[in-house]
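In what follows, a single structure is set out as structure tokens and then discussed.
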Amino acid sequence: MGAFSKLMHYLRGEQSSALEKKLVFKMDFFILTFCCLAYFMNYLDRASVSQAYVSGMKEDLDFQGAQLTEVNTLYSVGYLIGIIPNNMLLTYFKPGRFFPFMIVLWAFLTMCNAAAGRPEHLMAIRFFQGYAESCIFAGTQYILGSWYTKKELGKRTALFTASGLAGGMFGGFMQAGIYRSMNGLSGLAGWRWLYIIDGIITIPVAVYGYFLFPDIPATTTAPYFSEEERQLARNRVPVVEGTRIFSIPFLVKVFKSWYFYGFCFLWILGNSSESLGNQSIMNLYMQGHPEEHYTVYQLNNYPTGLQAVGIVSTLLWALGTDVFGRRWLSGYFVSITAICAGILLLVPSVPTAGKFAAYYWSGAIYCIQATFFAWANDSMRRQPPALRAVVIACMNAAGNLFQAWWPLVFYRADDAPNFTKGMYALIAVGIAMAIWVTVMLYMENHFSKDQVDVLDATESGSSDGTTHEVVIGGNKGLDSKV
């Protein structure tokens, strides 16, 4: 099949029957829509701190030195602490109840930011907010992997990731509009209204999820799915039984798995490469520019171009790797992007327009949120759901572990506008990314061959009545017998 034919086949969908098309439509409407709205609000809140900072919060709360970086770091610490327990809780509680509860909690904490009287207040609130918001990203990767097939997953993961970037963009435009129309209203600064409005518009998403989110195929009782559709959903993505998640054998399986080490380090590099966007470095570059003076509207609006590039890059890479495979290619692309952007931002003779171009280009790095997590889901497709959930959670946690200290060393707010150490770090991460993606390819090919050999052995042995322990991805299954 030619490239164009593959693309048309992909866009038309992989569903083979009218029933499956109807099922996938409902999944997209009720599952994907909720996850995208939740992640949109998540990024809207994340971006609000830097947008508030350049819109008067810095002066009103008397921020000094790198206190903004400390606020973001404490958010990352709370986020880090919450990732793994929250993802584990998704296997014990219904996601349709757990997600809405956490969303209401973080909406309340978002509004509390408006009452902050000094940076230390904001630090405390953001720590607990990070814990509450940590359930969405890794949790959604687990949920999408439970409902969608390998061919369907990349497209949905891309839309999910793009929705978060859209939230960051919308936040910039919203803060600019609030500053223009509500600054000083009822005695409140515009940046305080930003937090209040962020929290209020988040609540309806929680309500939507409480009544309409269908949990996972094995436990769903959603009334909009017929029994035939529920059974089809279970058959499309079969559950591989495993051990109890809180058990020594299960932990041994996790720590002996190459997935754990391979994908965790991959996302450490991936998350570190996203720092220019995650830490709102462009906002601080513009605010500290030695020659240009930017207005509040420009400080909020110009950096949204970085998220716009991220959205386009995410959708293109997810579509391309869904159709043609080879999700690892995005790792090499990001490696080149990180190295080139870092060099452009280091060279003093590059004009302001060139610096802007480098920042915007760095937004393309966001594509790996979709491709790397889809790669992890694809690789662990035949593993027990608990293992997949924990590895994906650990993958996200590993990246955020570095975000807890990485900005304090390389992207301190008082290092603006040049962030020299950060740019050297970005180049180093780009080089390491290229090396590690190559290692991952070797590991995946090596263990895939082992898997095929063992499965062939089980098939030949089944004819004489013998039993064989199944090895998936180079790791012994704890409970599975053929």
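Naming works like this for the structure tokens: A, B, ... for the chains as they're shown, residue 1 at the start of each chain, ligands 1 onward in shown order.
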
With only C-alpha atoms as the counted atoms, please give the residues lying no more than 12 Å from Glu291 (chain A), apart from itself and same-chain residues fewer than 4 positions off, as a PyMOL selection string. chain A and resi 285-287+351-352+417

Would you save the residues of that selection, restricted to C-alpha atoms, as a PDB file, in the first residue's frame?
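Listing of part_33.pdb after writing:
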```pdb
ATOM      1  CA  TYR A 285      13.150  36.598  28.113  1.00  0.00           C
ATOM      2  CA  MET A 286      10.782  39.279  26.824  1.00  0.00           C
ATOM      3  CA  GLN A 287      10.288  40.848  30.250  1.00  0.00           C
ATOM      4  CA  PRO A 351      19.127  39.301  16.502  1.00  0.00           C
ATOM      5  CA  THR A 352      15.896  39.415  18.505  1.00  0.00           C
ATOM      6  CA  PRO A 417      17.001  37.017  29.686  1.00  0.00           C
TER       7      PRO A 417
END
```

Taking only residues of region 186-290 of chain A that have an atom at most 7 Å from an atom of region 28-35 of chain A, what is each one's shortest atom pair and its distance in Å to one decimal, using only C-alpha atoms, in chain and number order, as a Markdown table?
```
| residue | atom | partner | partner_atom | distance |
| --- | --- | --- | --- | --- |
| A:Gly209 | CA | A:Phe34 | CA | 6.3 |
| A:Leu212 | CA | A:Phe30 | CA | 6.5 |
| A:Phe213 | CA | A:Ile31 | CA | 6.1 |
```

Based on the selection just made, write N, CA, C and O atoms of those residues as a short mmCIF file (atom, residue, chain, number, x, y, z; two decimals), in the first residue's frame.
```
data_model
loop_
_atom_site.label_atom_id
_atom_site.label_comp_id
_atom_site.auth_asym_id
_atom_site.auth_seq_id
_atom_site.Cartn_x
_atom_site.Cartn_y
_atom_site.Cartn_z
N GLY A 209 -17.63 14.89 33.72
CA GLY A 209 -16.99 13.60 33.96
C GLY A 209 -17.75 12.75 34.96
O GLY A 209 -17.84 11.52 34.80
N LEU A 212 -20.83 11.33 32.97
CA LEU A 212 -20.73 10.73 31.64
C LEU A 212 -19.46 9.91 31.39
O LEU A 212 -19.39 9.19 30.38
N PHE A 213 -18.44 10.00 32.26
CA PHE A 213 -17.22 9.25 31.99
C PHE A 213 -17.43 7.76 32.24
O PHE A 213 -17.95 7.38 33.30
#
```

Compile the contact shell of Val429 (chain A) as a CSV table (one decimal) with N, CA, C and O atoms, in the first residue's frame: residues with an atom at most 9 Å away, counting only C-alpha atoms, same-chain residues fewer than 6 positions apart removed.
```csv
chain,number,residue,atom,x,y,z
A,269,LEU,N,14.7,12.7,29.7
A,269,LEU,CA,15.2,13.5,28.6
A,269,LEU,C,14.2,14.4,27.9
A,269,LEU,O,14.4,15.5,27.6
A,270,GLY,N,13.0,13.7,27.6
A,270,GLY,CA,11.9,14.4,27.0
A,270,GLY,C,11.4,15.6,27.8
A,270,GLY,O,11.2,16.7,27.2
A,272,SER,N,12.9,17.2,30.1
A,272,SER,CA,14.0,18.2,30.3
A,272,SER,C,14.1,19.1,29.0
A,272,SER,O,14.4,20.3,29.0
A,273,SER,N,13.9,18.4,27.8
A,273,SER,CA,13.9,19.2,26.6
A,273,SER,C,12.8,20.1,26.4
A,273,SER,O,12.9,21.1,25.6
A,335,SER,N,15.8,15.8,19.1
A,335,SER,CA,17.3,16.0,19.4
A,335,SER,C,17.9,17.1,18.6
A,335,SER,O,18.6,18.0,19.1
A,338,ALA,N,16.4,20.6,19.7
A,338,ALA,CA,17.0,21.0,21.0
A,338,ALA,C,18.4,21.6,20.8
A,338,ALA,O,18.8,22.7,21.3
A,339,ILE,N,19.2,20.9,20.0
A,339,ILE,CA,20.6,21.3,19.8
A,339,ILE,C,20.6,22.6,19.0
A,339,ILE,O,21.3,23.6,19.4
```

Near-region 60-74 of chain A list (6 Å; only C-alpha atoms; drop same-chain fewer than 3 positions) as a PyMOL selection string: chain A and resi 57+77+118+123+127+404+412-414

Write out as a PyMOL selection string all residues of region 154-258 of chain A that DSSP puts in helix (DSSP H, G or I) for this structure's backbone. chain A and resi 154-182+185-187+190-212+227-236+248-256+258
